[in-house]
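In what follows, a structure is listed as structure tokens, so that the remarks can point back to it.
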Amino acid sequence: MRITILNGNPDAIHVAFDDYLGRLVEGLAPAHQVTRLDLREVKVAYCTGCWGCWVKTPGECATRDDSADVCRAAINADLLLLASPLRMGFISALLKKSLDKMIPLVHPYIVADQGEAHHRARYDAYPLLALLLEQGPDADAEDVAITADILSRTSLNLKSQLAFTRLTDAPVAEVIHAIDSL
Amino acid sequence: MRLTVFNGSPRGKRGNTEILLAQFIQGFESVPGAGNSHELFHLNRVKAHHAYAQAFAEAEAVLLGFPLYTDAMPGIVKAFIEELAPYCGRAGNPPLGFLVQSGFPEAAHSRPVEVYLEKLARRLACPYLGTIVKGGCEGVRMMPDRMNRKLFAALNEIGREFGASGRFDPALLQKLARPERYPRWAIPLMSLLLKAGLGNIYWDQQLKENGAYGQRFARPYSG
């Protein structure tokens with residue numbers, strides 16, 4: 001499977017999270033083709049809501065930053081694993097910033113999907129999404145559920161679904177098993 | 001009461017959120033004898049977030065408005081929320097309300113983030129005022145005022161009610177949010193209209209103006 005991992009850990013100093021991802025990538029590597037993007041090293045500007053990606057340069061952000069690399073890695077994967085420590089009860093601003101910049105992957109046109117208005121697909125196939133969260137001391141199970149609920153909606157708008165949510169409390173092997181079971 | 005308003009639109013003063021907030025504020029300040037006033041900060045000035053967090057801590061009451069971005073708050077708003085971390089659970093934090101507007105016609109798209117916002121208020125130990133949710137707002141800034149009249153009047157009323165009582169009226173919020181979702185009977189009709197391209201006109205016009213209509217189905221990252 002082609003797996004793209006977006007690492008939304010904003011703090012290089014927070015090594016436990018990155019170490020966990022390191023062990024995950026190592027465990028996945030023999031059987032899968034893994035791309036890991038540490039978002040704090042990727043130059044992505046905040047979305048300005050210009051809609052250039054929909055009406056000026058269709059499918060591409062009009063701001064020339066490295067979000068194109070993120071989009072390319074995401075759309076060409078079978079699984080997009082969003083990894084982030086919870087910050088104030090949600091994925092980090094660093095990861096959210098990159099999600100905002102993935103709207104060029106869909107089309108501005110609106111279609112009816114599951115009885116709701118959603119954007120039309122731009123590509124033939126979209127990756128499954130999955131969430132890997134570090135709950136941390138400031139968050140509880142409710143925060144995890146709220147975050148998963150929002151990201152399942154985001155998955156729907158990315159013409160896909162949220163396959164699973166796991167916490168970094170779980171052994172790495174459990175996440176690998178969840179991925180192998182897809 | 002002095003209301004501290006944060007506009008979380010990446011478009012700042014030029015966006016739809018600004019227009020909707022202004023309608024709320026107008027109602028809020030129109031209450032006779034209440035002496036209501038406001039201050040307004042724009043979160044697209046990311047470098048000012050630290051100072052804005054200070055303004056939050058000192059506020060009497062706070063309204064945070066933003067457009068729905070990938071089913072949640074825009075990245076700049078999440079960055080601002082992270083700046084508020086030092087004030088979690090602090091005694092005396094201001095009452096906190098929200099406005100979430102989206103381009104999707106139904107309010108249902110904004111409900112999951114509303115749950116997050118209510119929890120956020122709890123996390124900050126802010127009394128939760130409520131969340132004003134409205135869909136179908138992408139065209140507001142381009143439409144003539146007469147087409148926005150009903151929407152503006154409703155926001156005015158919610159602001160006025162808040163200015164008088166210090167609370168968001170749940171009945172008014174519910175009325176404004178309509179349609180919450182499409183009724184089952186309307187879905188086939190909606191599908192048909194959308195298939196016929198009813199929702200495309202707005203985008204096609206802009207695509208044509210930019211000479212990008214022919215490339216509208218481009219897949220630059222294929223393969």
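Letters A, B, ... mark the chains of the structure tokens in the order given; residue numbers begin at 1 per chain; ligand numbers begin at 1, in order shown.
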Per-residue DSSP, chain A, filtered to alpha helix (DSSP H), as an MDAnalysis selection string: chainID A and resid 15:28 52:55 67:75 93:100 141:157 172:180
Expected file contents, prior selection, C-alpha atoms, as a compact mmCIF listing (two decimals), in the first residue's frame:
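Writing the result to selection-v6.txt gives the following:
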```txt
# COMPACT_ATOMS: atom_id res chain seq x y z
CA VAL A 15 10.70 13.96 20.40
CA ALA A 16 8.41 11.25 21.83
CA PHE A 17 5.83 11.84 19.12
CA ASP A 18 8.37 11.83 16.29
CA ASP A 19 10.01 8.73 17.76
CA TYR A 20 6.66 6.95 17.71
CA LEU A 21 6.24 7.85 14.03
CA GLY A 22 9.80 6.73 13.36
CA ARG A 23 9.02 3.28 14.78
CA LEU A 24 5.76 3.18 12.84
CA VAL A 25 7.49 3.97 9.54
CA GLU A 26 10.13 1.35 10.30
CA GLY A 27 7.46 -1.25 11.01
CA LEU A 28 5.50 -0.41 7.86
CA GLY A 52 -7.41 30.68 -6.94
CA CYS A 53 -7.11 26.87 -6.80
CA TRP A 54 -10.70 26.64 -8.01
CA VAL A 55 -11.08 29.56 -10.42
CA SER A 67 1.61 22.69 -0.34
CA ALA A 68 1.81 21.24 -3.87
CA ASP A 69 4.12 18.53 -2.46
CA VAL A 70 1.61 17.78 0.30
CA CYS A 71 -1.27 17.56 -2.20
CA ARG A 72 0.71 15.33 -4.57
CA ALA A 73 1.76 13.00 -1.75
CA ALA A 74 -1.83 12.85 -0.47
CA ILE A 75 -3.70 12.21 -3.70
CA ALA A 93 -2.71 24.38 13.74
CA LEU A 94 0.25 23.10 11.73
CA LEU A 95 -1.75 20.12 10.44
CA LYS A 96 -4.96 22.15 10.03
CA LYS A 97 -3.07 24.64 7.89
CA SER A 98 -2.09 21.82 5.53
CA LEU A 99 -5.62 20.40 5.42
CA ASP A 100 -6.93 23.82 4.40
CA ALA A 141 -11.59 10.83 25.41
CA GLU A 142 -14.26 13.39 24.52
CA ASP A 143 -11.66 15.53 22.71
CA VAL A 144 -10.54 12.50 20.73
CA ALA A 145 -14.16 11.73 19.78
CA ILE A 146 -14.85 15.35 18.76
CA THR A 147 -11.70 15.44 16.64
CA ALA A 148 -12.50 12.11 14.98
CA ASP A 149 -16.02 13.28 14.25
CA ILE A 150 -14.81 16.45 12.53
CA LEU A 151 -12.16 14.56 10.56
CA SER A 152 -14.71 12.00 9.42
CA ARG A 153 -16.61 14.93 7.90
CA THR A 154 -13.42 16.19 6.27
CA SER A 155 -12.88 12.69 4.86
CA LEU A 156 -16.34 12.80 3.33
CA ASN A 157 -15.50 16.11 1.67
CA VAL A 172 3.04 0.73 17.33
CA ALA A 173 2.22 -2.85 16.35
CA GLU A 174 -1.47 -2.12 16.90
CA VAL A 175 -1.42 0.77 14.41
CA ILE A 176 0.44 -1.40 11.91
CA HIS A 177 -2.17 -4.10 12.40
CA ALA A 178 -4.96 -1.57 11.81
CA ILE A 179 -3.27 -0.54 8.56
CA ASP A 180 -2.61 -4.11 7.43
```
Using only C-alpha atoms, find each residue in stretch 50-124 of chain B having at least one atom no more than 10 Å away from stretch 172-193 of chain B; report its shortest atom-to-atom pair and that distance in Å (one decimal), rows by chain then rising number, as a Markdown table.
```
| residue | atom | partner | partner_atom | distance |
| --- | --- | --- | --- | --- |
| B:Gln101 | CA | B:Ala177 | CA | 9.6 |
| B:Pro105 | CA | B:Pro179 | CA | 7.3 |
| B:Glu106 | CA | B:Arg181 | CA | 5.0 |
| B:Ala107 | CA | B:Glu180 | CA | 4.6 |
| B:Ala108 | CA | B:Glu180 | CA | 5.4 |
| B:His109 | CA | B:Arg181 | CA | 8.7 |
| B:Ser110 | CA | B:Glu180 | CA | 9.7 |
| B:Arg111 | CA | B:Glu180 | CA | 9.4 |
```
Keeping N, CA, C and O atoms for every residue in the selection just given, could you write it to a file as a PDB file, in the first residue's frame?
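Output below, filename out.pdb:
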```pdb
ATOM      1  N   GLN B 101     -19.863  30.549   9.661  1.00  0.00           N
ATOM      2  CA  GLN B 101     -20.610  30.639   8.407  1.00  0.00           C
ATOM      3  C   GLN B 101     -19.919  29.760   7.363  1.00  0.00           C
ATOM      4  O   GLN B 101     -18.715  29.542   7.427  1.00  0.00           O
ATOM      5  N   PRO B 105     -25.006  25.028   1.644  1.00  0.00           N
ATOM      6  CA  PRO B 105     -26.321  25.590   1.981  1.00  0.00           C
ATOM      7  C   PRO B 105     -26.849  25.181   3.352  1.00  0.00           C
ATOM      8  O   PRO B 105     -27.547  25.950   3.993  1.00  0.00           O
ATOM      9  N   GLU B 106     -26.507  23.966   3.810  1.00  0.00           N
ATOM     10  CA  GLU B 106     -27.109  23.475   5.055  1.00  0.00           C
ATOM     11  C   GLU B 106     -26.232  23.786   6.269  1.00  0.00           C
ATOM     12  O   GLU B 106     -25.011  23.764   6.197  1.00  0.00           O
ATOM     13  N   ALA B 107     -26.912  23.996   7.417  1.00  0.00           N
ATOM     14  CA  ALA B 107     -26.192  24.253   8.665  1.00  0.00           C
ATOM     15  C   ALA B 107     -25.489  22.996   9.165  1.00  0.00           C
ATOM     16  O   ALA B 107     -24.499  23.080   9.894  1.00  0.00           O
ATOM     17  N   ALA B 108     -25.989  21.816   8.767  1.00  0.00           N
ATOM     18  CA  ALA B 108     -25.491  20.541   9.307  1.00  0.00           C
ATOM     19  C   ALA B 108     -23.962  20.414   9.207  1.00  0.00           C
ATOM     20  O   ALA B 108     -23.335  19.806  10.072  1.00  0.00           O
ATOM     21  N   HIS B 109     -23.376  21.009   8.151  1.00  0.00           N
ATOM     22  CA  HIS B 109     -21.921  20.908   7.968  1.00  0.00           C
ATOM     23  C   HIS B 109     -21.141  21.543   9.118  1.00  0.00           C
ATOM     24  O   HIS B 109     -20.003  21.168   9.377  1.00  0.00           O
ATOM     25  N   SER B 110     -21.746  22.533   9.762  1.00  0.00           N
ATOM     26  CA  SER B 110     -21.039  23.283  10.807  1.00  0.00           C
ATOM     27  C   SER B 110     -21.272  22.725  12.205  1.00  0.00           C
ATOM     28  O   SER B 110     -20.664  23.203  13.166  1.00  0.00           O
ATOM     29  N   ARG B 111     -22.128  21.726  12.338  1.00  0.00           N
ATOM     30  CA  ARG B 111     -22.459  21.228  13.675  1.00  0.00           C
ATOM     31  C   ARG B 111     -21.311  20.502  14.371  1.00  0.00           C
ATOM     32  O   ARG B 111     -21.127  20.676  15.581  1.00  0.00           O
TER      33      ARG B 111
END
```
Report as JSON lines: every residue of chain B with an atom at most 6 Å from chain A, its closest pair of atoms, and their distance in Å to one decimal, counting only C-alpha atoms, with rows sorted by chain and ascending residue number.
```
{"residue": "B:Pro10", "atom": "CA", "partner": "A:Thr48", "partner_atom": "CA", "distance": 4.8}
{"residue": "B:Arg11", "atom": "CA", "partner": "A:Thr48", "partner_atom": "CA", "distance": 5.8}
{"residue": "B:Thr70", "atom": "CA", "partner": "A:Thr154", "partner_atom": "CA", "distance": 5.7}
{"residue": "B:Asp71", "atom": "CA", "partner": "A:Thr154", "partner_atom": "CA", "distance": 5.7}
{"residue": "B:Gly75", "atom": "CA", "partner": "A:Lys97", "partner_atom": "CA", "distance": 4.4}
{"residue": "B:Lys78", "atom": "CA", "partner": "A:Ala93", "partner_atom": "CA", "distance": 5.0}
{"residue": "B:Ala79", "atom": "CA", "partner": "A:Ala93", "partner_atom": "CA", "distance": 5.0}
{"residue": "B:Pro112", "atom": "CA", "partner": "A:Ile150", "partner_atom": "CA", "distance": 5.6}
{"residue": "B:Ile187", "atom": "CA", "partner": "A:Gly115", "partner_atom": "CA", "distance": 5.9}
{"residue": "B:Ser191", "atom": "CA", "partner": "A:Ala112", "partner_atom": "CA", "distance": 5.2}
{"residue": "B:Leu194", "atom": "CA", "partner": "A:Val111", "partner_atom": "CA", "distance": 5.8}
{"residue": "B:Gly199", "atom": "CA", "partner": "A:Ile110", "partner_atom": "CA", "distance": 6.0}
{"residue": "B:Asn200", "atom": "CA", "partner": "A:Tyr109", "partner_atom": "CA", "distance": 5.4}
{"residue": "B:Gln206", "atom": "CA", "partner": "A:Val55", "partner_atom": "CA", "distance": 5.9}
{"residue": "B:Leu207", "atom": "CA", "partner": "A:Val55", "partner_atom": "CA", "distance": 4.6}
{"residue": "B:Asn210", "atom": "CA", "partner": "A:Lys56", "partner_atom": "CA", "distance": 5.7}
{"residue": "B:Ala212", "atom": "CA", "partner": "A:Lys56", "partner_atom": "CA", "distance": 5.8}
{"residue": "B:Arg216", "atom": "CA", "partner": "A:Pro58", "partner_atom": "CA", "distance": 5.4}
{"residue": "B:Ala218", "atom": "CA", "partner": "A:Gly59", "partner_atom": "CA", "distance": 6.0}
{"residue": "B:Tyr221", "atom": "CA", "partner": "A:Arg72", "partner_atom": "CA", "distance": 5.2}
```
Kindly export the residues of the current selection with all heavy atoms, as a short mmCIF file (atom, residue, chain, number, x, y, z; two decimals), in the first residue's frame.
```
data_model
loop_
_atom_site.label_atom_id
_atom_site.label_comp_id
_atom_site.auth_asym_id
_atom_site.auth_seq_id
_atom_site.Cartn_x
_atom_site.Cartn_y
_atom_site.Cartn_z
N PRO B 10 -9.69 34.24 6.85
CA PRO B 10 -8.43 34.48 6.15
C PRO B 10 -8.52 35.66 5.17
O PRO B 10 -7.51 36.27 4.83
CB PRO B 10 -8.18 33.16 5.41
CG PRO B 10 -8.86 32.13 6.27
CD PRO B 10 -10.10 32.84 6.76
N ARG B 11 -9.74 36.00 4.75
CA ARG B 11 -9.91 37.15 3.86
C ARG B 11 -9.97 38.47 4.63
O ARG B 11 -10.08 39.54 4.02
CB ARG B 11 -11.19 37.01 3.05
CG ARG B 11 -11.16 35.89 2.03
CD ARG B 11 -12.51 35.78 1.35
NE ARG B 11 -12.55 34.64 0.44
CZ ARG B 11 -13.68 34.11 -0.03
NH1 ARG B 11 -14.85 34.62 0.32
NH2 ARG B 11 -13.65 33.08 -0.84
N THR B 70 -12.56 23.20 5.61
CA THR B 70 -12.48 21.74 5.75
C THR B 70 -13.14 21.29 7.06
O THR B 70 -12.53 20.63 7.89
CB THR B 70 -11.04 21.19 5.65
OG1 THR B 70 -10.28 21.53 6.80
CG2 THR B 70 -10.32 21.67 4.40
N ASP B 71 -14.41 21.67 7.18
CA ASP B 71 -15.28 21.20 8.27
C ASP B 71 -14.89 21.66 9.66
O ASP B 71 -15.40 21.12 10.66
CB ASP B 71 -15.38 19.66 8.24
CG ASP B 71 -15.88 19.18 6.90
OD1 ASP B 71 -17.10 19.16 6.71
OD2 ASP B 71 -15.04 18.88 6.02
N GLY B 75 -6.97 27.41 9.59
CA GLY B 75 -5.69 27.25 10.27
C GLY B 75 -5.32 28.44 11.14
O GLY B 75 -4.82 28.27 12.25
N LYS B 78 -7.13 28.21 14.40
CA LYS B 78 -6.58 27.19 15.29
C LYS B 78 -5.28 27.70 15.93
O LYS B 78 -5.04 27.48 17.12
CB LYS B 78 -6.32 25.88 14.53
CG LYS B 78 -5.84 24.74 15.44
CD LYS B 78 -6.88 24.37 16.48
CE LYS B 78 -6.43 23.66 17.72
NZ LYS B 78 -5.26 22.89 17.78
N ALA B 79 -4.49 28.42 15.16
CA ALA B 79 -3.26 28.99 15.70
C ALA B 79 -3.58 29.96 16.84
O ALA B 79 -2.92 29.96 17.88
CB ALA B 79 -2.47 29.69 14.60
N PRO B 112 -20.52 19.68 13.65
CA PRO B 112 -19.41 19.03 14.36
C PRO B 112 -18.43 20.03 14.98
O PRO B 112 -18.00 19.84 16.12
CB PRO B 112 -18.74 18.17 13.28
CG PRO B 112 -19.86 17.86 12.33
CD PRO B 112 -20.69 19.12 12.28
N ILE B 187 -34.44 15.84 -1.53
CA ILE B 187 -33.11 15.42 -1.98
C ILE B 187 -33.06 15.06 -3.47
O ILE B 187 -32.15 15.51 -4.17
CB ILE B 187 -32.56 14.29 -1.07
CG1 ILE B 187 -32.26 14.88 0.32
CG2 ILE B 187 -31.30 13.67 -1.66
CD1 ILE B 187 -32.00 13.86 1.40
N SER B 191 -30.66 16.96 -6.08
CA SER B 191 -29.68 16.24 -6.89
C SER B 191 -29.83 16.62 -8.35
O SER B 191 -28.85 16.85 -9.06
CB SER B 191 -29.87 14.73 -6.75
OG SER B 191 -29.84 14.37 -5.40
N LEU B 194 -28.69 20.21 -9.03
CA LEU B 194 -27.23 20.31 -8.98
C LEU B 194 -26.62 19.67 -10.22
O LEU B 194 -25.66 20.18 -10.79
CB LEU B 194 -26.69 19.65 -7.71
CG LEU B 194 -26.94 20.42 -6.41
CD1 LEU B 194 -26.53 19.61 -5.20
CD2 LEU B 194 -26.19 21.76 -6.42
N GLY B 199 -25.65 24.91 -9.24
CA GLY B 199 -24.63 25.39 -8.31
C GLY B 199 -23.32 25.77 -8.99
O GLY B 199 -22.36 26.16 -8.32
N ASN B 200 -23.27 25.63 -10.32
CA ASN B 200 -21.99 25.86 -11.01
C ASN B 200 -21.85 27.28 -11.56
O ASN B 200 -20.74 27.72 -11.87
CB ASN B 200 -21.85 24.89 -12.18
CG ASN B 200 -21.97 23.44 -11.74
OD1 ASN B 200 -22.03 23.17 -10.55
ND2 ASN B 200 -22.01 22.53 -12.69
N GLN B 206 -16.61 32.96 -12.66
CA GLN B 206 -15.26 33.35 -12.25
C GLN B 206 -14.20 32.64 -13.08
O GLN B 206 -13.18 33.22 -13.44
CB GLN B 206 -15.05 33.04 -10.76
CG GLN B 206 -15.96 33.86 -9.86
CD GLN B 206 -15.73 33.54 -8.40
OE1 GLN B 206 -14.65 33.75 -7.86
NE2 GLN B 206 -16.76 33.01 -7.75
N LEU B 207 -14.45 31.34 -13.37
CA LEU B 207 -13.50 30.59 -14.20
C LEU B 207 -13.34 31.26 -15.56
O LEU B 207 -12.23 31.39 -16.08
CB LEU B 207 -13.99 29.14 -14.38
CG LEU B 207 -13.74 28.18 -13.20
CD1 LEU B 207 -14.70 26.99 -13.24
CD2 LEU B 207 -12.28 27.70 -13.20
N ASN B 210 -11.37 34.48 -15.57
CA ASN B 210 -9.93 34.24 -15.42
C ASN B 210 -9.33 33.46 -16.58
O ASN B 210 -8.15 33.10 -16.54
CB ASN B 210 -9.67 33.48 -14.11
CG ASN B 210 -10.05 34.28 -12.89
OD1 ASN B 210 -9.80 35.48 -12.83
ND2 ASN B 210 -10.67 33.64 -11.91
N ALA B 212 -9.87 30.46 -17.27
CA ALA B 212 -9.47 29.14 -16.76
C ALA B 212 -10.57 28.10 -16.94
O ALA B 212 -10.41 26.95 -16.51
CB ALA B 212 -9.11 29.26 -15.28
N ARG B 216 -10.88 23.68 -16.09
CA ARG B 216 -11.52 23.56 -14.77
C ARG B 216 -11.46 22.14 -14.20
O ARG B 216 -11.54 21.97 -12.99
CB ARG B 216 -12.96 24.07 -14.81
CG ARG B 216 -13.93 23.24 -15.64
CD ARG B 216 -15.21 24.05 -15.84
NE ARG B 216 -16.25 23.28 -16.53
CZ ARG B 216 -16.25 23.03 -17.84
NH1 ARG B 216 -15.24 23.44 -18.61
NH2 ARG B 216 -17.24 22.35 -18.40
N ALA B 218 -8.82 20.17 -14.47
CA ALA B 218 -7.40 19.81 -14.44
C ALA B 218 -7.07 18.92 -13.25
O ALA B 218 -7.64 19.09 -12.17
CB ALA B 218 -6.55 21.07 -14.40
N TYR B 221 -1.92 16.75 -10.24
CA TYR B 221 -1.09 15.84 -9.43
C TYR B 221 -1.34 14.37 -9.76
O TYR B 221 -0.97 13.49 -8.99
CB TYR B 221 -1.34 16.10 -7.94
CG TYR B 221 -1.13 17.54 -7.55
CD1 TYR B 221 -2.10 18.22 -6.83
CD2 TYR B 221 0.02 18.22 -7.94
CE1 TYR B 221 -1.92 19.56 -6.49
CE2 TYR B 221 0.20 19.55 -7.60
CZ TYR B 221 -0.78 20.21 -6.88
OH TYR B 221 -0.61 21.52 -6.56
#
```
What's around B:Ala59 at 10 Å? Count only C-alpha atoms, leave out sequence neighbours fewer than 3 positions away in its own chain, and write the answer as a list in words.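 The residues satisfying every condition are Arg2, Leu3, Thr4, Val5, Glu39, Ala53, Gln54, Ala55, Phe56, Val62, Gly92, Asn93, Pro94, Pro95 and Leu96 of chain B.
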In terms of the shortest atom-to-atom distance over only C-alpha atoms, which of B:Phe28, B:Leu124, B:Leu151, B:His42 is closest to B:Ala85?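 With only C-alpha atoms as the atom set, the closest residue is B:Leu124.
From atom CA of B:Leu129 back to atom CA of B:Gly103, the distance works out to 23.6 Å.
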For B:Val100: contacts at 6 Å, only C-alpha atoms, fewer than 5 positions along chain excluded, given as a PyMOL selection string: chain B and resi 65-67+133
Write the residues you've just listed into a file as a CSV table (one decimal), in the first residue's frame, and include C-alpha atoms for each of them.
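As written to disk, part-v4.csv reads:
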```
chain,number,residue,atom,x,y,z
B,65,GLY,CA,-16.4,34.4,14.0
B,66,PHE,CA,-15.0,32.4,11.1
B,67,PRO,CA,-15.8,30.7,7.9
B,133,VAL,CA,-24.4,29.0,12.5
```
Tell me, which residues of stretch 63-172 of chain A carry DSSP strand (DSSP E), written as an MDAnalysis selection string? chainID A and resid 79:85 106:113 116:121 128:134 162:167
Within 8 Å of B:Arg160, counting only C-alpha atoms, which residues qualify if same-chain residues fewer than 3 places away don't, as a list of chain:residue names?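 Everything that qualifies: B:Phe24, B:Gln26, B:Gly27, B:Phe28, B:Glu29, B:Ser30, B:Val31, B:Asn156, B:Glu157, B:Gly163, B:Ala164.
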Write out the residues from the selection above, keeping all heavy atoms, as a CSV table (one decimal), in the first residue's frame.
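Output below, filename part.csv:
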```csv
chain,number,residue,atom,x,y,z
B,24,PHE,N,-24.3,41.7,13.2
B,24,PHE,CA,-24.5,41.4,14.7
B,24,PHE,C,-24.2,42.6,15.6
B,24,PHE,O,-25.0,42.9,16.5
B,24,PHE,CB,-23.7,40.2,15.0
B,24,PHE,CG,-23.7,39.8,16.5
B,24,PHE,CD1,-24.6,38.8,16.9
B,24,PHE,CD2,-22.9,40.4,17.4
B,24,PHE,CE1,-24.7,38.4,18.2
B,24,PHE,CE2,-23.0,40.0,18.8
B,24,PHE,CZ,-23.9,39.1,19.2
B,26,GLN,N,-24.1,45.7,14.8
B,26,GLN,CA,-25.0,46.8,14.7
B,26,GLN,C,-26.2,46.7,15.6
B,26,GLN,O,-26.6,47.6,16.3
B,26,GLN,CB,-25.5,46.9,13.2
B,26,GLN,CG,-26.1,48.2,12.8
B,26,GLN,CD,-26.6,48.2,11.4
B,26,GLN,OE1,-27.6,47.5,11.1
B,26,GLN,NE2,-25.9,48.9,10.5
B,27,GLY,N,-26.7,45.4,15.6
B,27,GLY,CA,-27.9,45.1,16.5
B,27,GLY,C,-27.5,45.3,18.0
B,27,GLY,O,-28.2,45.9,18.8
B,28,PHE,N,-26.3,44.8,18.3
B,28,PHE,CA,-25.8,44.8,19.7
B,28,PHE,C,-25.7,46.2,20.2
B,28,PHE,O,-26.0,46.5,21.3
B,28,PHE,CB,-24.4,44.1,19.7
B,28,PHE,CG,-23.6,44.2,20.9
B,28,PHE,CD1,-24.0,43.5,22.1
B,28,PHE,CD2,-22.5,45.0,21.0
B,28,PHE,CE1,-23.3,43.6,23.3
B,28,PHE,CE2,-21.7,45.1,22.2
B,28,PHE,CZ,-22.2,44.4,23.3
B,29,GLU,N,-25.2,47.1,19.3
B,29,GLU,CA,-24.9,48.5,19.8
B,29,GLU,C,-26.2,49.4,19.7
B,29,GLU,O,-26.2,50.5,20.0
B,29,GLU,CB,-23.8,49.1,19.0
B,29,GLU,CG,-22.5,48.4,19.3
B,29,GLU,CD,-21.2,49.0,18.6
B,29,GLU,OE1,-21.4,49.7,17.6
B,29,GLU,OE2,-20.1,48.7,19.1
B,30,SER,N,-27.3,48.8,19.1
B,30,SER,CA,-28.5,49.6,18.9
B,30,SER,C,-29.4,49.6,20.1
B,30,SER,O,-30.4,50.3,20.1
B,30,SER,CB,-29.3,49.1,17.7
B,30,SER,OG,-29.9,47.9,18.0
B,31,VAL,N,-29.1,48.9,21.2
B,31,VAL,CA,-29.9,48.8,22.3
B,31,VAL,C,-29.9,50.1,23.1
B,31,VAL,O,-28.8,50.5,23.6
B,31,VAL,CB,-29.5,47.6,23.3
B,31,VAL,CG1,-30.4,47.6,24.5
B,31,VAL,CG2,-29.5,46.3,22.5
B,156,ASN,N,-29.0,41.0,13.0
B,156,ASN,CA,-29.3,42.2,13.8
B,156,ASN,C,-30.1,41.9,15.0
B,156,ASN,O,-29.8,42.4,16.1
B,156,ASN,CB,-30.1,43.2,12.9
B,156,ASN,CG,-29.4,44.5,12.6
B,156,ASN,OD1,-29.5,45.4,13.4
B,156,ASN,ND2,-28.7,44.6,11.5
B,157,GLU,N,-31.1,41.1,14.9
B,157,GLU,CA,-32.0,40.7,16.0
B,157,GLU,C,-31.2,39.9,17.0
B,157,GLU,O,-31.4,40.2,18.2
B,157,GLU,CB,-33.2,40.0,15.4
B,157,GLU,CG,-34.3,39.9,16.5
B,157,GLU,CD,-35.5,39.0,15.9
B,157,GLU,OE1,-35.4,38.6,14.8
B,157,GLU,OE2,-36.4,38.9,16.7
B,163,GLY,N,-27.4,42.2,23.1
B,163,GLY,CA,-27.1,43.5,23.7
B,163,GLY,C,-28.0,43.8,24.9
B,163,GLY,O,-27.6,44.5,25.8
B,164,ALA,N,-29.2,43.3,24.8
B,164,ALA,CA,-30.2,43.6,25.9
B,164,ALA,C,-30.1,42.6,27.0
B,164,ALA,O,-30.2,43.0,28.2
B,164,ALA,CB,-31.6,43.6,25.3
```
Would you compute the distance between atom CA of B:Gly130 and atom CA of B:Lys13? Give it in Å to one decimal.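 Result for atom CA of B:Gly130 versus atom CA of B:Lys13: 23.6 Å, one decimal.
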Could you list, as a list in words, every residue within 12 Å of A:Leu182, counting only C-alpha atoms and ignoring same-chain residues fewer than 6 positions away?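 Contacts, in chain order: Met1, Ile3, Asp78, Leu79, Pro127, Leu128, Leu129, Ala130, Leu162, Ala163, Phe164, Val175 and Ile176 of chain A.
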Mind writing the picked residues with N, CA and C atoms as a tab-separated table (two decimals), in the first residue's frame?
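Below is the file out.tsv, written as the result:
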```
chain	number	residue	atom	x	y	z
A	1	MET	N	0.85	-1.19	0.00
A	1	MET	CA	0.00	0.00	0.00
A	1	MET	C	0.89	1.25	0.00
A	3	ILE	N	1.42	4.69	1.45
A	3	ILE	CA	0.97	5.39	2.65
A	3	ILE	C	1.68	6.73	2.77
A	78	ASP	N	-2.71	5.51	-1.07
A	78	ASP	CA	-3.89	4.69	-0.80
A	78	ASP	C	-4.42	5.01	0.60
A	79	LEU	N	-3.50	5.41	1.46
A	79	LEU	CA	-3.88	5.78	2.83
A	79	LEU	C	-3.17	7.07	3.22
A	127	PRO	N	-7.44	8.83	-1.37
A	127	PRO	CA	-6.92	7.94	-0.34
A	127	PRO	C	-7.92	7.77	0.80
A	128	LEU	N	-7.88	6.61	1.43
A	128	LEU	CA	-8.55	6.46	2.72
A	128	LEU	C	-7.85	7.38	3.70
A	129	LEU	N	-8.58	7.88	4.69
A	129	LEU	CA	-7.94	8.69	5.73
A	129	LEU	C	-7.91	7.93	7.05
A	130	ALA	N	-6.92	8.22	7.86
A	130	ALA	CA	-6.86	7.66	9.21
A	130	ALA	C	-6.21	8.69	10.12
A	162	LEU	N	-13.05	8.09	6.91
A	162	LEU	CA	-12.05	7.93	7.97
A	162	LEU	C	-12.03	6.46	8.37
A	163	ALA	N	-10.91	5.78	8.07
A	163	ALA	CA	-10.85	4.33	8.28
A	163	ALA	C	-10.71	3.98	9.76
A	164	PHE	N	-9.87	4.72	10.46
A	164	PHE	CA	-9.71	4.45	11.90
A	164	PHE	C	-9.08	5.64	12.61
A	175	VAL	N	-1.14	-0.13	15.54
A	175	VAL	CA	-1.42	0.77	14.41
A	175	VAL	C	-1.07	0.05	13.11
A	176	ILE	N	0.05	-0.65	13.12
A	176	ILE	CA	0.44	-1.40	11.91
A	176	ILE	C	-0.62	-2.44	11.57
```
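Excluding B:Phe80 itself and any same-chain residue fewer than 5 positions from it, the protein and nucleic acid residues within 8 Å of it, counting only C-alpha atoms, are Leu43, Val46, His49, His50 and Ala53 of chain B.
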For atom CA of B:Tyr87 and atom CA of B:Leu63, the interatomic separation in Å (one decimal):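 Result for atom CA of B:Tyr87 versus atom CA of B:Leu63: 16.4 Å, one decimal.
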Which residue gives the smallest distance to B:Pro170 among B:Gly139, B:Leu68, B:Gln205, B:Ile132, with only C-alpha atoms counted?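 The answer is B:Ile132, which sits nearest to B:Pro170.
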Using only C-alpha atoms, which of the listed residues (B:Phe6, B:Phe217, B:Phe162, B:Tyr202) sits closest to B:Tyr52? B:Phe6
